[in-house]
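Asker: So that you have it, the file is final_28.txt, and it contains compact mmCIF, C-alpha atoms and all ligand atoms:
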# COMPACT_ATOMS: atom_id res chain seq x y z
CA MET P 1 59.84 182.12 77.91
CA TRP P 2 57.89 185.31 77.67
CA LEU P 3 55.20 185.72 75.09
CA LEU P 4 54.14 189.14 74.05
CA VAL P 5 50.69 188.87 72.64
CA ALA P 6 48.19 191.59 73.02
CA THR P 7 48.30 194.52 70.73
CA ALA P 8 47.69 197.26 73.21
CA VAL P 9 48.88 200.69 72.21
CA ALA P 10 49.15 202.08 68.73
CA VAL P 11 51.20 205.18 68.24
CA VAL P 12 49.36 207.26 65.70
CA GLY P 13 51.46 208.28 62.77
CA ALA P 14 54.34 205.90 63.13
CA GLN P 15 52.07 202.87 62.93
CA PHE P 16 53.95 201.51 65.87
CA THR P 17 52.21 198.74 67.68
CA ILE P 18 53.54 197.96 71.07
CA ARG P 19 52.91 194.46 72.24
CA MET P 20 52.26 194.15 75.90
CA MET P 21 51.94 191.22 78.19
CA ASP P 22 48.46 191.87 79.44
CA ASP P 23 45.43 194.08 78.86
CA ALA P 24 44.56 192.15 75.70
CA ASN P 25 42.21 193.78 73.23
CA ALA P 26 40.91 196.28 75.73
CA PRO P 27 38.30 198.44 74.00
CA PRO P 28 39.08 202.17 73.96
CA THR P 29 37.72 203.91 77.03
CA ALA P 30 35.37 206.87 76.73
CA GLU P 31 38.30 209.09 77.73
CA GLU P 32 40.47 207.74 74.94
CA GLN P 33 37.71 208.20 72.41
CA ALA P 34 37.32 211.82 73.42
CA LEU P 35 40.96 212.60 72.54
CA THR P 36 41.87 214.12 69.23
CA ALA P 37 44.29 212.29 66.96
CA GLU P 38 47.02 214.70 68.02
CA GLU P 39 46.35 214.15 71.70
CA GLN P 40 46.30 210.42 71.14
CA ALA P 41 49.67 210.63 69.41
CA LEU P 42 51.11 212.57 72.34
CA THR P 43 49.64 210.12 74.82
CA ALA P 44 50.95 207.19 72.82
CA GLN P 45 54.37 208.84 72.71
CA GLN P 46 54.29 209.15 76.51
CA VAL P 47 53.19 205.55 76.91
CA ALA P 48 55.94 204.41 74.55
CA ARG P 49 58.49 206.37 76.59
CA ASP P 50 57.30 204.70 79.74
CA ILE P 51 57.34 201.15 78.47
CA VAL P 52 60.23 201.18 75.96
CA THR P 53 62.94 201.50 78.56
CA GLY P 54 65.68 200.53 76.13
CA GLU P 55 67.74 198.75 78.77
CA PHE P 56 70.15 196.04 77.66
CA SER P 57 73.27 194.20 78.71
CA LEU P 58 74.86 192.50 75.70
CA ILE P 59 78.17 191.60 74.02
CA ASP P 60 79.34 193.84 71.19
CA HIS P 61 80.93 192.49 68.01
CA HIS P 62 84.41 193.02 69.48
CA GLY P 63 83.50 190.71 72.36
CA ASN P 64 83.09 193.46 74.98
CA ALA P 65 80.23 193.53 77.48
CA VAL P 66 78.15 196.67 76.92
CA THR P 67 74.95 198.16 78.27
CA ASP P 68 72.63 200.90 77.02
CA GLU P 69 74.35 203.29 79.45
CA ASP P 70 77.57 203.01 77.42
CA PHE P 71 75.81 204.85 74.61
CA ARG P 72 74.65 207.91 76.55
CA GLY P 73 75.58 211.07 74.68
CA SER P 74 74.81 209.56 71.29
CA TRP P 75 71.46 208.80 69.69
CA PRO P 76 71.13 205.01 69.34
CA LEU P 77 69.29 203.83 66.22
CA ILE P 78 68.36 200.25 67.07
CA PHE P 79 67.21 197.36 64.91
CA PHE P 80 66.53 193.75 65.93
CA GLY P 81 67.21 191.03 63.35
CA TYR P 82 69.47 188.11 62.45
CA THR P 83 72.25 187.48 59.97
CA TYR P 84 70.52 184.58 58.17
CA CYS P 85 67.73 186.98 57.21
CA PRO P 86 67.98 187.62 53.45
CA ASP P 87 65.37 190.34 53.06
CA VAL P 88 64.19 192.63 55.85
CA CYS P 89 67.48 192.81 57.78
CA PRO P 90 69.75 193.64 54.80
CA THR P 91 67.06 196.04 53.59
CA THR P 92 66.95 197.83 56.93
CA LEU P 93 70.72 197.89 57.44
CA GLY P 94 71.04 199.22 53.89
CA VAL P 95 68.55 201.95 54.80
CA VAL P 96 70.45 202.70 58.03
CA SER P 97 73.70 203.05 56.06
CA LEU P 98 72.09 205.46 53.61
CA VAL P 99 70.52 207.41 56.50
CA MET P 100 74.01 207.80 58.01
CA ASP P 101 75.30 209.10 54.67
CA GLU P 102 72.30 211.41 54.33
CA LEU P 103 72.88 212.83 57.83
CA GLY P 104 76.39 213.95 56.90
CA GLU P 105 78.02 215.66 59.90
CA ASP P 106 74.98 214.95 62.08
CA ALA P 107 75.69 211.22 61.71
CA ALA P 108 78.48 211.65 64.26
CA LYS P 109 75.80 211.87 66.98
CA VAL P 110 73.91 208.75 65.81
CA GLN P 111 74.94 205.23 66.86
CA PRO P 112 73.32 202.42 64.84
CA LEU P 113 72.99 199.18 66.85
CA PHE P 114 72.01 195.85 65.30
CA ILE P 115 70.81 193.44 68.00
CA THR P 116 70.52 189.79 66.98
CA VAL P 117 67.42 187.81 67.95
CA ASP P 118 69.30 184.64 66.98
CA PRO P 119 72.30 184.49 69.34
CA GLN P 120 72.63 180.74 68.80
CA ARG P 121 73.94 181.33 65.28
CA ASP P 122 74.93 185.00 65.59
CA THR P 123 77.99 184.99 67.82
CA PRO P 124 79.91 188.29 68.25
CA GLU P 125 82.37 187.17 65.52
CA VAL P 126 79.53 186.45 63.10
CA MET P 127 78.02 189.85 63.90
CA ALA P 128 81.36 191.58 63.28
CA ASP P 129 81.64 190.23 59.74
CA TYR P 130 78.01 190.96 59.03
CA VAL P 131 77.69 194.58 60.13
CA ALA P 132 81.00 195.51 58.49
CA ALA P 133 79.43 194.80 55.10
CA PHE P 134 76.95 197.66 55.61
CA HIS P 135 78.46 200.62 57.45
CA PRO P 136 81.60 201.02 59.56
CA LYS P 137 79.68 202.68 62.39
CA ILE P 138 77.08 199.95 62.95
CA ILE P 139 77.73 197.95 66.12
CA GLY P 140 76.48 194.37 66.19
CA LEU P 141 75.21 193.12 69.56
CA SER P 142 74.74 189.52 70.67
CA GLY P 143 74.73 187.74 74.01
CA SER P 144 73.15 184.83 75.83
CA LEU P 145 69.57 183.80 75.05
CA GLU P 146 68.54 185.46 78.32
CA GLN P 147 70.38 188.71 77.58
CA VAL P 148 68.82 188.94 74.13
CA ALA P 149 65.34 188.19 75.50
CA ALA P 150 65.74 190.93 78.11
CA ALA P 151 66.94 193.45 75.49
CA ALA P 152 64.00 192.66 73.24
CA GLN P 153 61.56 192.94 76.11
CA SER P 154 62.82 196.35 77.17
CA HIS P 155 62.10 197.52 73.60
CA ARG P 156 58.82 195.61 73.44
CA ALA P 157 60.28 193.81 70.45
CA TYR P 158 58.88 190.40 69.62
CA TYR P 159 60.65 187.42 68.06
CA VAL P 160 60.14 183.70 67.72
CA LYS P 161 61.98 180.87 65.97
CA ALA P 162 59.91 179.54 63.09
CA PRO P 163 60.13 176.89 60.38
CA VAL P 164 60.57 178.28 56.86
CA GLU P 165 57.95 175.84 55.68
CA GLU P 166 54.67 176.52 57.46
CA GLY P 167 53.87 173.70 59.85
CA ALA P 168 57.22 171.93 59.40
CA GLU P 169 59.56 171.01 62.24
CA ILE P 170 62.22 173.54 63.22
CA SER P 171 65.63 172.13 62.35
CA GLU P 172 68.68 172.84 64.50
CA THR P 173 70.45 174.83 61.81
CA GLU P 174 67.82 175.88 59.33
CA TYR P 175 65.09 178.15 60.59
CA ALA P 176 63.72 181.63 60.25
CA MET P 177 63.18 184.16 62.98
CA ASP P 178 59.92 186.07 62.93
CA HIS P 179 60.76 189.41 64.50
CA SER P 180 59.67 192.99 65.03
CA ALA P 181 61.05 195.11 62.22
CA TYR P 182 61.06 198.55 63.81
CA LEU P 183 63.94 200.96 63.87
CA TYR P 184 64.07 202.64 67.28
CA LEU P 185 65.56 206.06 67.88
CA MET P 186 66.61 206.69 71.47
CA ASP P 187 67.82 210.10 72.62
CA ALA P 188 71.20 211.02 74.11
CA GLN P 189 69.83 210.27 77.61
CA GLY P 190 68.68 206.82 76.50
CA VAL P 191 64.99 207.80 76.43
CA TYR P 192 62.75 206.52 73.66
CA ALA P 193 62.31 209.19 70.99
CA HIS P 194 60.71 207.59 67.97
CA VAL P 195 60.23 204.44 65.96
CA PHE P 196 60.56 204.08 62.21
CA SER P 197 59.25 201.37 59.91
CA PRO P 198 61.67 199.74 57.43
CA THR P 199 59.41 201.00 54.67
CA ASP P 200 60.01 204.66 55.59
CA THR P 201 62.31 206.35 53.10
CA VAL P 202 65.92 207.27 53.83
CA GLU P 203 65.06 210.97 53.45
CA GLU P 204 62.10 210.75 55.86
CA ILE P 205 64.13 208.94 58.50
CA ALA P 206 67.12 211.28 58.22
CA ALA P 207 64.90 214.37 58.36
CA GLU P 208 63.05 213.12 61.44
CA ILE P 209 66.25 212.17 63.24
CA ARG P 210 67.58 215.69 62.58
CA GLU P 211 64.36 217.19 63.87
CA PHE P 212 64.56 215.18 67.09
CA MET P 213 68.21 216.02 67.62
CA ASN P 214 67.57 219.75 67.12
CA LYS P 215 64.59 219.92 69.50
CA MET Z 1 72.59 190.32 22.02
CA ARG Z 2 72.54 186.95 23.70
CA PHE Z 3 73.60 183.45 23.01
CA ILE Z 4 71.62 180.32 23.55
CA LEU Z 5 73.31 177.06 24.32
CA SER Z 6 71.37 173.97 23.60
CA SER Z 7 72.20 171.05 25.74
CA ALA Z 8 72.10 167.45 24.70
CA LEU Z 9 70.60 166.61 28.03
CA ALA Z 10 67.84 169.10 27.58
CA ALA Z 11 66.63 167.26 24.53
CA MET Z 12 66.06 164.23 26.70
CA ALA Z 13 64.22 166.18 29.36
CA LEU Z 14 60.51 166.80 29.16
CA ALA Z 15 60.98 170.55 29.00
CA ALA Z 16 63.70 172.13 26.90
CA ILE Z 17 66.23 174.11 28.91
CA SER Z 18 67.90 177.09 27.36
CA VAL Z 19 70.82 178.84 29.02
CA GLN Z 20 70.69 182.56 28.53
CA ALA Z 21 73.31 185.11 29.41
CA PRO Z 22 72.05 188.48 28.32
CA ALA Z 23 74.82 190.84 27.26
CA PHE Z 24 72.89 193.67 28.85
CA ALA Z 25 70.84 193.15 31.96
CA GLU Z 26 68.07 195.23 30.36
CA ASP Z 27 67.50 192.41 27.87
CA PRO Z 28 64.75 190.21 29.24
CA VAL Z 29 65.38 186.49 29.48
CA SER Z 30 62.69 184.58 27.57
CA VAL Z 31 61.19 181.19 28.19
CA GLY Z 32 57.96 180.33 26.38
CA ASP Z 33 55.58 183.24 26.90
CA LEU Z 34 57.46 184.46 29.95
CA ARG Z 35 59.96 187.32 30.16
CA ILE Z 36 62.26 187.62 33.15
CA MET Z 37 63.38 191.21 33.60
CA HIS Z 38 66.02 192.93 35.75
CA PRO Z 39 67.13 189.94 37.79
CA TRP Z 40 69.50 190.78 40.64
CA ALA Z 41 70.79 189.38 43.89
CA ARG Z 42 72.35 190.82 47.01
CA ALA Z 43 76.00 190.33 47.85
CA SER Z 44 76.71 188.20 50.92
CA ALA Z 45 77.26 190.07 54.17
CA GLY Z 46 79.46 188.15 56.60
CA HIS Z 47 79.00 184.37 56.45
CA GLY Z 48 76.53 184.83 53.61
CA LYS Z 49 74.87 181.45 54.14
CA SER Z 50 71.53 182.93 53.07
CA GLY Z 51 70.92 184.95 49.96
CA ALA Z 52 68.06 186.35 47.94
CA ALA Z 53 67.43 187.00 44.25
CA PHE Z 54 64.83 189.36 42.85
CA MET Z 55 63.34 190.03 39.40
CA THR Z 56 60.14 190.80 37.53
CA ILE Z 57 58.43 188.01 35.61
CA ALA Z 58 55.98 188.98 32.86
CA ASN Z 59 53.58 186.63 31.12
CA THR Z 60 52.85 187.69 27.52
CA GLY Z 61 50.71 184.60 26.87
CA GLY Z 62 47.00 183.95 27.18
CA ALA Z 63 47.25 181.41 29.99
CA ASP Z 64 48.46 181.63 33.57
CA ASP Z 65 51.75 179.95 34.35
CA LYS Z 66 53.32 179.08 37.65
CA LEU Z 67 56.86 179.32 39.01
CA VAL Z 68 57.22 175.96 40.70
CA ALA Z 69 60.93 175.60 41.44
CA ALA Z 70 64.26 177.41 41.52
CA SER Z 71 67.80 176.10 41.77
CA THR Z 72 71.41 177.14 41.61
CA ALA Z 73 74.65 175.23 41.95
CA ASN Z 74 75.67 177.85 44.50
CA ALA Z 75 73.16 176.90 47.21
CA LYS Z 76 72.09 173.71 48.91
CA LYS Z 77 68.44 174.72 48.77
CA THR Z 78 66.60 177.27 46.66
CA GLU Z 79 63.00 178.18 47.40
CA ILE Z 80 60.38 180.77 46.56
CA HIS Z 81 59.72 182.85 49.68
CA GLU Z 82 57.33 185.51 50.78
CA THR Z 83 58.05 188.16 53.40
CA THR Z 84 55.03 189.51 55.22
CA MET Z 85 54.64 192.20 57.86
CA GLU Z 86 51.88 191.93 60.41
CA ASP Z 87 51.65 194.35 63.33
CA GLY Z 88 55.25 195.27 62.68
CA VAL Z 89 56.42 191.66 62.88
CA MET Z 90 58.31 190.35 59.86
CA LYS Z 91 57.78 186.75 58.81
CA MET Z 92 59.39 184.83 55.97
CA ARG Z 93 57.82 181.66 54.65
CA MET Z 94 58.15 179.34 51.71
CA LEU Z 95 55.40 179.97 49.16
CA MET Z 96 53.53 176.70 49.06
CA GLY Z 97 52.15 175.60 45.72
CA GLY Z 98 54.29 177.92 43.63
CA LEU Z 99 53.91 181.47 42.38
CA THR Z 100 51.28 182.18 39.72
CA ILE Z 101 52.30 184.46 36.86
CA PRO Z 102 48.92 185.62 35.50
CA ALA Z 103 48.20 185.69 31.77
CA GLY Z 104 49.04 189.13 30.40
CA GLY Z 105 50.33 190.23 33.80
CA GLU Z 106 53.58 190.43 35.69
CA VAL Z 107 54.82 189.62 39.16
CA ALA Z 108 57.63 191.53 40.85
CA LEU Z 109 59.94 189.73 43.24
CA LYS Z 110 61.39 192.54 45.34
CA PRO Z 111 62.62 193.30 48.87
CA MET Z 112 59.91 193.15 51.57
CA GLY Z 113 57.78 191.02 49.28
CA LEU Z 114 58.76 187.96 47.26
CA HIS Z 115 62.24 186.55 46.72
CA VAL Z 116 64.06 183.50 45.47
CA MET Z 117 65.72 182.33 48.68
CA LEU Z 118 69.14 180.71 48.60
CA MET Z 119 69.82 178.58 51.67
CA GLY Z 120 73.23 177.13 52.39
CA VAL Z 121 75.08 179.34 49.90
CA THR Z 122 78.31 177.51 49.03
CA GLU Z 123 80.32 180.34 47.51
CA LYS Z 124 79.83 183.88 48.78
CA LEU Z 125 77.93 186.20 46.48
CA VAL Z 126 80.27 189.01 45.48
CA GLU Z 127 79.12 192.44 44.32
CA GLY Z 128 79.80 192.92 40.62
CA GLU Z 129 79.78 189.20 39.86
CA THR Z 130 76.86 187.08 38.70
CA LEU Z 131 74.95 184.09 39.99
CA VAL Z 132 73.55 181.44 37.65
CA LEU Z 133 69.96 180.66 38.53
CA THR Z 134 67.48 178.18 37.06
CA LEU Z 135 63.75 178.78 37.34
CA THR Z 136 61.20 176.12 36.43
CA PHE Z 137 57.69 177.03 35.35
CA GLU Z 138 54.75 174.66 35.11
CA LYS Z 139 54.07 175.40 31.42
CA ALA Z 140 57.05 177.31 30.03
CA GLY Z 141 59.60 174.83 31.39
CA SER Z 142 63.03 175.68 32.75
CA VAL Z 143 65.36 178.53 32.02
CA GLU Z 144 68.85 179.24 33.30
CA PHE Z 145 70.17 182.78 33.38
CA ALA Z 146 72.79 185.05 34.88
CA VAL Z 147 71.79 187.23 37.84
CA PRO Z 148 73.94 190.34 38.47
CA ILE Z 149 74.94 190.80 42.12
CA GLY Z 150 74.49 194.22 43.76
CA GLY Z 151 75.51 195.51 47.21
CA PRO Z 152 74.54 193.69 50.42
CA GLY Z 153 71.75 196.18 51.19
CA ALA Z 154 70.83 196.95 47.57
CA MET Z 155 67.19 197.70 46.80
CA MET Z 156 67.26 197.27 43.03
CA ALA Z 157 69.21 195.74 40.16
CA PRO Z 158 72.76 197.18 40.04
CA ASN Z 159 72.34 198.41 36.45
CA MET Z 160 69.19 200.34 37.36
CA ASN Z 161 70.81 202.69 39.89
CU CU R 301 63.61 183.77 52.36
I'd like the structure from this file rewritten - as structure tokens, please.
Ligand SMILES: [Cu+2]
Answerer:
Amino acid sequence: MWLLVATAVAVVGAQFTIRMMDDANAPPTAEEQALTAEEQALTAQQVARDIVTGEFSLIDHHGNAVTDEDFRGSWPLIFFGYTYCPDVCPTTLGVVSLVMDELGEDAAKVQPLFITVDPQRDTPEVMADYVAAFHPKIIGLSGSLEQVAAAAQSHRAYYVKAPVEEGAEISETEYAMDHSAYLYLMDAQGVYAHVFSPTDTVEEIAAEIREFMNK
Amino acid sequence: MRFILSSALAAMALAAISVQAPAFAEDPVSVGDLRIMHPWARASAGHGKSGAAFMTIANTGGADDKLVAASTANAKKTEIHETTMEDGVMKMRMLMGGLTIPAGGEVALKPMGLHVMLMGVTEKLVEGETLVLTLTFEKAGSVEFAVPIGGPGAMMAPNMN
């Protein structure tokens, strides 16, 4: 099992913290300190592009094997979560649905993807019922434990099974998943474009997606 | 505009339980010095085994009180949970030791913060229907009330849209 620990790169503005496997707590170099906030943001954007490769090989909610390459030509809007999540995941999928409405005609170019971090409970059938409750265009993605771990790693997304009661044992059926709660925007070539926080407003997210698509 | 049912069983219990079904969701539910305002829950998406209820609890009294338990016939387990975000990672944990409602203050249970967590929901929560929830406070005792159910990704009480 891979553990992503060190907080290494912070993208200024989006408050996006990318967790990397090494280089823990490295102090900023003199070079980094000399950069302006704007330059740092650009550098961070470049770093994010290099390390958030966005590759995945998963099973969609119709039971078909899909990879990130199947979504070239559209702008994937990706969120990691799980269907037993009562708060952050419904909140974010609700936001995604409203963003799609807000985008109007431009929504045709955006493909929301909900990737489970809990494939043990979230089979493709479970995902199908779940995403349908939010927006008809959202595609739910599941897969084997290994496939999900690889997808999360290529997005530098973190997750871990946790007991709901701090310090308690994790039961087979009743557990929470701690997980990264970012909303990733990838471009039509599958390159990382931006990351949103679930606390960003629908209007902000829709406006930024439009801006990226019109660049 | 509400009716209060007194139960024979409640008389035998240490704390009196009143069942309140406000005619309008804007009417706060009262128990002792506490007022429970704008309760709401999210409709089940898919299997709907987990659910969450939200509300604002105000304390008009001069002493702190504490929400110590929650229950509903519609879930195997009901707990008070807190969602926290740290470095972009979302965690949800049971609030140990209950939730303090400060004297003269109020506490909002809302998405991305605090919620009443329903685990093992037995009957799916349907938008437009209501859920009957019981909250138990250390001092004010127990109160049962109807919780309107909004959409699966709702961010506020359905009547407040
Ligand atoms: Cu919870």
Asker: I'd like a table as JSON lines: residues in chain P with an atom no more than 12 Å from ligand CU 301 (chain R), each row giving the shortest atom pair and its distance in Å to one decimal, all atoms listed in the file counted, sorted by chain and rising residue number.
Answerer:
{"residue": "P:Tyr84", "atom": "CA", "partner": "R:CU301", "partner_atom": "CU", "distance": 9.1}
{"residue": "P:Cys85", "atom": "CA", "partner": "R:CU301", "partner_atom": "CU", "distance": 7.1}
{"residue": "P:Pro86", "atom": "CA", "partner": "R:CU301", "partner_atom": "CU", "distance": 5.9}
{"residue": "P:Asp87", "atom": "CA", "partner": "R:CU301", "partner_atom": "CU", "distance": 6.8}
{"residue": "P:Val88", "atom": "CA", "partner": "R:CU301", "partner_atom": "CU", "distance": 9.5}
{"residue": "P:Cys89", "atom": "CA", "partner": "R:CU301", "partner_atom": "CU", "distance": 11.2}
{"residue": "P:Pro90", "atom": "CA", "partner": "R:CU301", "partner_atom": "CU", "distance": 11.9}
{"residue": "P:Pro163", "atom": "CA", "partner": "R:CU301", "partner_atom": "CU", "distance": 11.1}
{"residue": "P:Val164", "atom": "CA", "partner": "R:CU301", "partner_atom": "CU", "distance": 7.7}
{"residue": "P:Glu165", "atom": "CA", "partner": "R:CU301", "partner_atom": "CU", "distance": 10.3}
{"residue": "P:Glu174", "atom": "CA", "partner": "R:CU301", "partner_atom": "CU", "distance": 11.3}
{"residue": "P:Tyr175", "atom": "CA", "partner": "R:CU301", "partner_atom": "CU", "distance": 10.1}
{"residue": "P:Ala176", "atom": "CA", "partner": "R:CU301", "partner_atom": "CU", "distance": 8.2}
{"residue": "P:Met177", "atom": "CA", "partner": "R:CU301", "partner_atom": "CU", "distance": 10.6}
{"residue": "P:Asp178", "atom": "CA", "partner": "R:CU301", "partner_atom": "CU", "distance": 11.4}
Asker: Within 12 Å of Lys109 in chain P, counting all atoms listed in the file, which residues qualify if same-chain residues fewer than 4 places away don't, as a JSON list (two decimals) with C-alpha atoms, in the frame of the given file?
Answerer:
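Written output follows (out-v3.json):
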[["chain", "number", "residue", "atom", "x", "y", "z"],
["P", 71, "PHE", "CA", 75.81, 204.85, 74.61],
["P", 72, "ARG", "CA", 74.65, 207.91, 76.55],
["P", 73, "GLY", "CA", 75.58, 211.07, 74.68],
["P", 74, "SER", "CA", 74.81, 209.56, 71.29],
["P", 75, "TRP", "CA", 71.46, 208.80, 69.69],
["P", 76, "PRO", "CA", 71.13, 205.01, 69.34],
["P", 77, "LEU", "CA", 69.29, 203.83, 66.22],
["P", 100, "MET", "CA", 74.01, 207.80, 58.01],
["P", 103, "LEU", "CA", 72.88, 212.83, 57.83],
["P", 104, "GLY", "CA", 76.39, 213.95, 56.90],
["P", 105, "GLU", "CA", 78.02, 215.66, 59.90],
["P", 137, "LYS", "CA", 79.68, 202.68, 62.39],
["P", 185, "LEU", "CA", 65.56, 206.06, 67.88],
["P", 186, "MET", "CA", 66.61, 206.69, 71.47],
["P", 187, "ASP", "CA", 67.82, 210.10, 72.62],
["P", 188, "ALA", "CA", 71.20, 211.02, 74.11],
["P", 209, "ILE", "CA", 66.25, 212.17, 63.24],
["P", 210, "ARG", "CA", 67.58, 215.69, 62.58],
["P", 212, "PHE", "CA", 64.56, 215.18, 67.09],
["P", 213, "MET", "CA", 68.21, 216.02, 67.62],
["P", 214, "ASN", "CA", 67.57, 219.75, 67.12]]
Asker: Can you check which residues of chain Z have any atom within 9 Å of chain P? Use only C-alpha atoms and format it as JSON, numbers by chain.
Answerer: {"Z": [42, 44, 45, 46, 47, 48, 49, 50, 51, 52, 81, 83, 85, 87, 88, 89, 90, 91, 92, 93, 94, 95, 96, 110, 111, 112, 113, 115, 117, 118, 119, 120, 151, 152, 153, 154, 155]}
Asker: Just write the chosen residues, C-alpha atoms, as a compact mmCIF listing (two decimals), in the frame of the given file.
Answerer:
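Written output follows (part39.txt):
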# COMPACT_ATOMS: atom_id res chain seq x y z
CA ARG Z 42 72.35 190.82 47.01
CA SER Z 44 76.71 188.20 50.92
CA ALA Z 45 77.26 190.07 54.17
CA GLY Z 46 79.46 188.15 56.60
CA HIS Z 47 79.00 184.37 56.45
CA GLY Z 48 76.53 184.83 53.61
CA LYS Z 49 74.87 181.45 54.14
CA SER Z 50 71.53 182.93 53.07
CA GLY Z 51 70.92 184.95 49.96
CA ALA Z 52 68.06 186.35 47.94
CA HIS Z 81 59.72 182.85 49.68
CA THR Z 83 58.05 188.16 53.40
CA MET Z 85 54.64 192.20 57.86
CA ASP Z 87 51.65 194.35 63.33
CA GLY Z 88 55.25 195.27 62.68
CA VAL Z 89 56.42 191.66 62.88
CA MET Z 90 58.31 190.35 59.86
CA LYS Z 91 57.78 186.75 58.81
CA MET Z 92 59.39 184.83 55.97
CA ARG Z 93 57.82 181.66 54.65
CA MET Z 94 58.15 179.34 51.71
CA LEU Z 95 55.40 179.97 49.16
CA MET Z 96 53.53 176.70 49.06
CA LYS Z 110 61.39 192.54 45.34
CA PRO Z 111 62.62 193.30 48.87
CA MET Z 112 59.91 193.15 51.57
CA GLY Z 113 57.78 191.02 49.28
CA HIS Z 115 62.24 186.55 46.72
CA MET Z 117 65.72 182.33 48.68
CA LEU Z 118 69.14 180.71 48.60
CA MET Z 119 69.82 178.58 51.67
CA GLY Z 120 73.23 177.13 52.39
CA GLY Z 151 75.51 195.51 47.21
CA PRO Z 152 74.54 193.69 50.42
CA GLY Z 153 71.75 196.18 51.19
CA ALA Z 154 70.83 196.95 47.57
CA MET Z 155 67.19 197.70 46.80
Asker: Could you check how far CA of Tyr184 in chain P sits from CA of Phe196 in chain P, in Å to one decimal?
Answerer: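 Computed distance, CA of Tyr184 in chain P to CA of Phe196 in chain P, equals 6.3 Å.
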Asker: Hey, can you check how far CA of His38 in chain Z sits from CA of Thr56 in chain Z?
Answerer: 6.5 Å
Asker: Rank nothing, just name the residue among Z:Thr122, Z:Thr100, Z:Thr130, Z:Ser142 nearest to Leu67 in chain Z, using only C-alpha atoms.
Answerer: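 Closest candidate: Z:Thr100.
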Asker: Kindly give the distance, in Å, that separates CA of Val116 in chain Z and CA of Asp118 in chain P, rounded to a single decimal.
Answerer: 22.2 Å
Asker: Which one of P:Asp101, P:Glu203, P:Glu208, P:Asp68 sits closest to Leu113 in chain P if you count all atoms listed in the file?
Answerer: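 Using all atoms listed in the file, Leu113 in chain P sits closest to P:Asp68.
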Asker: With a distance cut-off of 8 Å and only C-alpha atoms, select the neighbouring residues of Asp33 in chain Z, excluding the residue or stretch itself and same-chain residues fewer than 4 positions from it, and output the selection as an MDAnalysis selection string.
Answerer: chainID Z and resid 59:61 140
